[in-house]
Amino acid sequence: MKIVFDERQLAHDPELYFRRGALIGHPEQPQRAILLRDALLAAGHDRAHPADFGLDPITAVHDPDFVACLMGAWDALGAELGPGAIVPTFHPQRRDTRLPASPLGRLGWYSTDTSCPIVPGTAQAIYWSAQTAIDAAERVASGRESHVYALCRPPGHHATIDQTMGFCFFNNAAIAAQHLRKTFSKVAILDVDTHGGNGTEDVFYRRGDVVFVSIHTDPSAYTPFFTGYADETGVGDGVGATHNLVLPVGADANAILVRYDEALAIIRASGAEALVISLGLDMSKDDPLSLVGMTGEGFAEGARRIARLGLPTVLVQEGGYLGPSLSDNAVAFLGAFDEARA
């Protein structure tokens with residue numbers, strides 16, 4: 001399988017994360033991408049560098065002022081608040097509030113939590129993470145490849161139209177799906193990260209041309225908490241296009257694969273002509289952020305079942321943190337997908 005990756009994504013290197021009342025090492029480290037890259041290259045996958053498609057495909061999904069705020073945040077605030085990370089701590093309700101002129105206030109406006117610190121290399125990393133997804137989508141849309149893996153880092157599926165969340169700045173999967181829509185009349189997104197893809201849901205909740213199916217841990221007990229429930233099915237033109245398939249805490253690989261089958265039945269019935277996979281490897285039973293029990297063979301079997309859809313497919317890396325089996329699970333998933341499509 002072709003792997004698209006750019007080392008400039010490694011420039012976002014936050015050290016600390018405030019969680020449950022304490023500062024801990026930030027889970028979303030550059031080392032994640034290095035481990036995945038090296039393991040997949042060793043397994044025989046081909047590597048490509050992304051082309052530069054500019055900001056237009058990003059602003060096709062995200063509010064342009066939000067994009068400009070993130071791209072310019074370090075330049076605006078680094079001299080004043082650096083050399084450490086910039087972390088806004090004011091996050092207003094959107095009701096009866098207004099967007100301020102202050103760069104720090106604007107950054108708070110466009111953030112939901114403190115998990116997305118701005119460091120000197122953040123703008124470069126998130127830009128090339130998005131370009132990686134766009135390039136993979138272009139390869140599939142053009143027919144050059146039937147399926148491509150975008151090794152995106154930082155991840156993206158928690159980023160809404162105009163807010164960061166959960167380590168995510170730009171929503172790479174949504175950007176890829178929007179790019180595919182130039183070629184395909186209907187696109188499906190299958191999110192198999194252990195956390196609900198609230199940002200992707202936000203982007204497409206009012207649209208019927210992109211079907212969003214997310215398999216994730218019960219949000220009443222787990223991040224993102226506020227969305228991702230089974231009764232959220234879309235509004236307006238998007239009614240019936242959003243599907244949240246919830247897993248109980250402790251679900252094992254067999255229970256997860258039952259949800260895979262449900263998701264694939266939805267995608268088949270939708271008439272989607274292309275697929276984006278938000279590939280979270282953090283369902284693994286040994287992932288530091290997991291509350292469910294996916295196994296290496298479970299990932300491989302899930303990949304086989306998805307591959308049998310036969311759709312042009314962009315696989316976009318989401319979660320999957322520094323647990324013992326991270327690289328093995330990536331190799332298992334991509335290898336099984338390739339074999340099923342051979």
# chains A, B, ... in the order shown; residues from 1 in each chain; ligands from 1
$ residues_around --residues "range 64-67 of chain A" --least-positions-apart "4" --cutoff "10 Å" --atoms "only C-alpha atoms" --output "compact mmCIF listing (two decimals) with N, CA and C atoms, in the first residue's frame"
# COMPACT_ATOMS: atom_id res chain seq x y z
N LEU A 55 -4.09 26.07 1.06
CA LEU A 55 -5.09 26.17 2.12
C LEU A 55 -6.52 25.95 1.64
N ASP A 56 -6.77 26.05 0.34
CA ASP A 56 -8.16 25.98 -0.13
C ASP A 56 -8.88 24.69 0.28
N ILE A 58 -8.42 22.99 2.88
CA ILE A 58 -8.63 23.05 4.33
C ILE A 58 -9.79 23.98 4.65
N THR A 59 -9.82 25.14 4.00
CA THR A 59 -10.92 26.09 4.24
C THR A 59 -12.22 25.66 3.56
N ALA A 60 -12.16 24.63 2.73
CA ALA A 60 -13.41 24.04 2.21
C ALA A 60 -14.18 23.32 3.30
N MET A 71 -2.83 28.97 12.10
CA MET A 71 -1.60 29.10 11.33
C MET A 71 -0.74 30.26 11.82
N GLY A 72 -1.37 31.28 12.41
CA GLY A 72 -0.63 32.45 12.85
C GLY A 72 -0.45 32.58 14.34
N ALA A 73 -0.91 31.59 15.12
CA ALA A 73 -0.94 31.74 16.58
C ALA A 73 0.45 31.91 17.18
N ARG A 106 -8.81 34.95 20.81
CA ARG A 106 -9.28 34.25 19.61
C ARG A 106 -8.90 32.78 19.65
N LEU A 107 -7.68 32.50 20.13
CA LEU A 107 -7.26 31.11 20.24
C LEU A 107 -8.16 30.35 21.21
N TRP A 109 -11.29 31.12 21.80
CA TRP A 109 -12.57 31.00 21.09
C TRP A 109 -12.58 29.77 20.19
N TYR A 110 -11.46 29.51 19.56
CA TYR A 110 -11.36 28.43 18.59
C TYR A 110 -10.84 27.12 19.21
N SER A 111 -10.88 27.01 20.55
CA SER A 111 -10.45 25.80 21.25
C SER A 111 -11.57 25.32 22.16
N ALA A 123 2.08 25.05 13.44
CA ALA A 123 1.47 25.43 12.16
C ALA A 123 2.01 24.57 11.03
N TYR A 127 -0.40 21.79 9.02
CA TYR A 127 -0.55 22.05 7.59
C TYR A 127 -0.17 20.81 6.79
N ILE A 161 -15.74 22.29 12.78
CA ILE A 161 -15.61 23.30 11.74
C ILE A 161 -14.74 24.46 12.20
N ASP A 162 -14.84 24.81 13.49
CA ASP A 162 -14.10 26.00 13.93
C ASP A 162 -13.56 25.89 15.36
N GLN A 163 -13.25 24.65 15.81
CA GLN A 163 -12.64 24.49 17.12
C GLN A 163 -11.72 23.28 17.16
N THR A 164 -10.62 23.42 17.91
CA THR A 164 -9.73 22.30 18.18
C THR A 164 -10.26 21.49 19.36
N PHE A 169 -6.34 19.49 15.37
CA PHE A 169 -6.37 20.87 14.90
C PHE A 169 -7.19 20.98 13.61
N PHE A 170 -6.73 20.38 12.53
CA PHE A 170 -7.49 20.31 11.29
C PHE A 170 -8.03 18.88 11.13
$ select_by_dssp --residues "range 83-242 of chain A" --states "strand (DSSP E)" --output "PyMOL selection string"
chain A and resi 147-150+187-191+210-217+242
$ select_by_dssp --residues "range 49-240 of chain A" --states "helix (DSSP H, G or I)" --output "ChimeraX atom specification"
/A:56-59,64-81,103-109,122-141,172-180,198-204,236-238
$ write_last_selection --atoms "C-alpha atoms" --output "short mmCIF file (atom, residue, chain, number, x, y, z; two decimals), in the first residue's frame"
data_model
loop_
_atom_site.label_atom_id
_atom_site.label_comp_id
_atom_site.auth_asym_id
_atom_site.auth_seq_id
_atom_site.Cartn_x
_atom_site.Cartn_y
_atom_site.Cartn_z
CA ASP A 56 -8.16 25.98 -0.13
CA PRO A 57 -8.97 22.29 0.61
CA ILE A 58 -8.63 23.05 4.33
CA THR A 59 -10.92 26.09 4.24
CA PRO A 64 -11.18 30.47 7.25
CA ASP A 65 -10.64 32.65 10.32
CA PHE A 66 -10.16 29.53 12.46
CA VAL A 67 -7.54 28.31 9.98
CA ALA A 68 -5.80 31.69 9.97
CA CYS A 69 -5.82 31.80 13.78
CA LEU A 70 -4.10 28.42 14.09
CA MET A 71 -1.60 29.10 11.33
CA GLY A 72 -0.63 32.45 12.85
CA ALA A 73 -0.94 31.74 16.58
CA TRP A 74 2.75 31.24 17.35
CA ASP A 75 3.79 34.29 15.33
CA ALA A 76 1.20 36.37 17.16
CA LEU A 77 1.83 35.09 20.68
CA GLY A 78 5.16 33.26 20.84
CA ALA A 79 7.29 36.29 21.64
CA GLU A 80 4.96 37.27 24.48
CA LEU A 81 4.06 33.86 25.92
CA PRO A 103 -4.90 36.77 19.60
CA LEU A 104 -5.01 34.81 22.87
CA GLY A 105 -8.76 35.38 23.18
CA ARG A 106 -9.28 34.25 19.61
CA LEU A 107 -7.26 31.11 20.24
CA GLY A 108 -9.49 30.38 23.23
CA TRP A 109 -12.57 31.00 21.09
CA THR A 122 2.53 23.49 15.26
CA ALA A 123 1.47 25.43 12.16
CA GLN A 124 3.92 23.54 9.96
CA ALA A 125 2.87 20.17 11.38
CA ILE A 126 -0.88 20.62 11.10
CA TYR A 127 -0.55 22.05 7.59
CA TRP A 128 1.42 19.04 6.35
CA SER A 129 -0.83 16.63 8.23
CA ALA A 130 -3.73 18.02 6.20
CA GLN A 131 -1.70 17.98 2.95
CA THR A 132 -0.93 14.32 3.60
CA ALA A 133 -4.65 13.51 3.72
CA ILE A 134 -5.38 15.64 0.64
CA ASP A 135 -2.60 14.00 -1.35
CA ALA A 136 -3.89 10.54 -0.46
CA ALA A 137 -7.40 11.55 -1.50
CA GLU A 138 -6.12 12.94 -4.79
CA ARG A 139 -4.28 9.70 -5.55
CA VAL A 140 -7.51 7.75 -5.03
CA ALA A 141 -9.77 10.26 -6.81
CA ASN A 172 -7.86 15.43 8.07
CA ALA A 173 -10.54 12.79 7.39
CA ALA A 174 -13.19 15.43 6.71
CA ILE A 175 -10.78 17.32 4.44
CA ALA A 176 -10.04 14.10 2.54
CA ALA A 177 -13.75 13.30 2.18
CA GLN A 178 -14.49 16.80 0.91
CA HIS A 179 -11.69 16.45 -1.65
CA LEU A 180 -13.10 13.09 -2.79
CA ASN A 198 -17.33 14.46 17.15
CA GLY A 199 -15.51 16.85 14.85
CA THR A 200 -16.30 14.86 11.73
CA GLU A 201 -19.90 14.60 12.89
CA ASP A 202 -19.99 18.39 13.27
CA VAL A 203 -18.69 18.96 9.73
CA PHE A 204 -21.21 16.69 8.00
CA GLY A 236 -31.92 18.89 7.60
CA ASP A 237 -30.35 17.40 4.48
CA GLY A 238 -28.24 15.22 6.78
#
$ closest_residue --among "A:His12, A:Gly54, A:Leu36, A:Phe90" --to "Thr114 in chain A" --atoms "only C-alpha atoms"
A:Phe90
$ residues_around --residues "Glu262 in chain A" --least-positions-apart "6" --cutoff "12 Å" --atoms "only C-alpha atoms" --output "PyMOL selection string"
chain A and resi 190+213-215+243-246+255-256+268-269+302+305-306
$ atom_distance --atom1 "CA of Ala51 in chain A" --atom2 "CA of Arg181 in chain A"
18.9 Å
$ closest_residue --among "A:Val314, A:Leu247, A:Asn329, A:Asp282" --to "Pro219 in chain A" --atoms "only C-alpha atoms"
A:Leu247
$ closest_residue --among "A:Ala39, A:Val211, A:Val249, A:Ala150" --to "Leu279 in chain A" --atoms "only C-alpha atoms"
A:Ala150
$ closest_residue --among "A:Pro120, A:Pro224, A:Gly296, A:Ser142" --to "Met165 in chain A" --atoms "only C-alpha atoms"
A:Pro224
$ atom_distance --atom1 "CA of Gly84 in chain A" --atom2 "CA of Asp113 in chain A"
17.6 Å
$ closest_residue --among "A:Glu232, A:Asp46, A:Glu7, A:Glu301" --to "Asn254 in chain A" --atoms "only C-alpha atoms"
A:Glu301
$ residues_around --residues "Leu40 in chain A" --least-positions-apart "6" --cutoff "12 Å" --atoms "only C-alpha atoms" --output "mmCIF file with C-alpha atoms, in the first residue's frame"
data_model
loop_
_atom_site.group_PDB
_atom_site.id
_atom_site.type_symbol
_atom_site.label_atom_id
_atom_site.label_comp_id
_atom_site.auth_asym_id
_atom_site.auth_seq_id
_atom_site.Cartn_x
_atom_site.Cartn_y
_atom_site.Cartn_z
ATOM 1 C CA MET A 1 0.000 0.000 0.000
ATOM 2 C CA LYS A 2 1.172 3.511 -0.739
ATOM 3 C CA ILE A 3 1.974 5.455 2.437
ATOM 4 C CA VAL A 4 1.905 9.251 2.282
ATOM 5 C CA PHE A 5 3.963 10.960 4.970
ATOM 6 C CA ALA A 33 4.425 8.730 13.637
ATOM 7 C CA ILE A 34 8.073 7.653 13.562
ATOM 8 C CA ASP A 46 5.820 2.171 -0.368
ATOM 9 C CA ARG A 47 6.367 5.730 0.879
ATOM 10 C CA TYR A 149 -2.763 5.319 3.728
ATOM 11 C CA ALA A 150 -2.274 8.883 4.947
ATOM 12 C CA LEU A 151 0.048 8.852 7.960
ATOM 13 C CA LEU A 326 0.951 0.169 18.177
ATOM 14 C CA SER A 327 3.254 -0.637 15.254
ATOM 15 C CA ASP A 328 2.193 -4.289 15.081
ATOM 16 C CA ASN A 329 -1.458 -3.288 14.851
ATOM 17 C CA ALA A 330 -0.764 -0.855 12.016
ATOM 18 C CA VAL A 331 1.164 -3.512 10.107
ATOM 19 C CA ALA A 332 -1.643 -6.015 10.707
ATOM 20 C CA PHE A 333 -4.381 -3.653 9.536
ATOM 21 C CA LEU A 334 -2.661 -2.396 6.380
ATOM 22 C CA GLY A 335 -1.323 -5.817 5.483
#
$ closest_residue --among "A:Met283, A:Ala11, A:Ala48, A:Val61" --to "Gly121 in chain A" --atoms "only C-alpha atoms"
A:Ala11
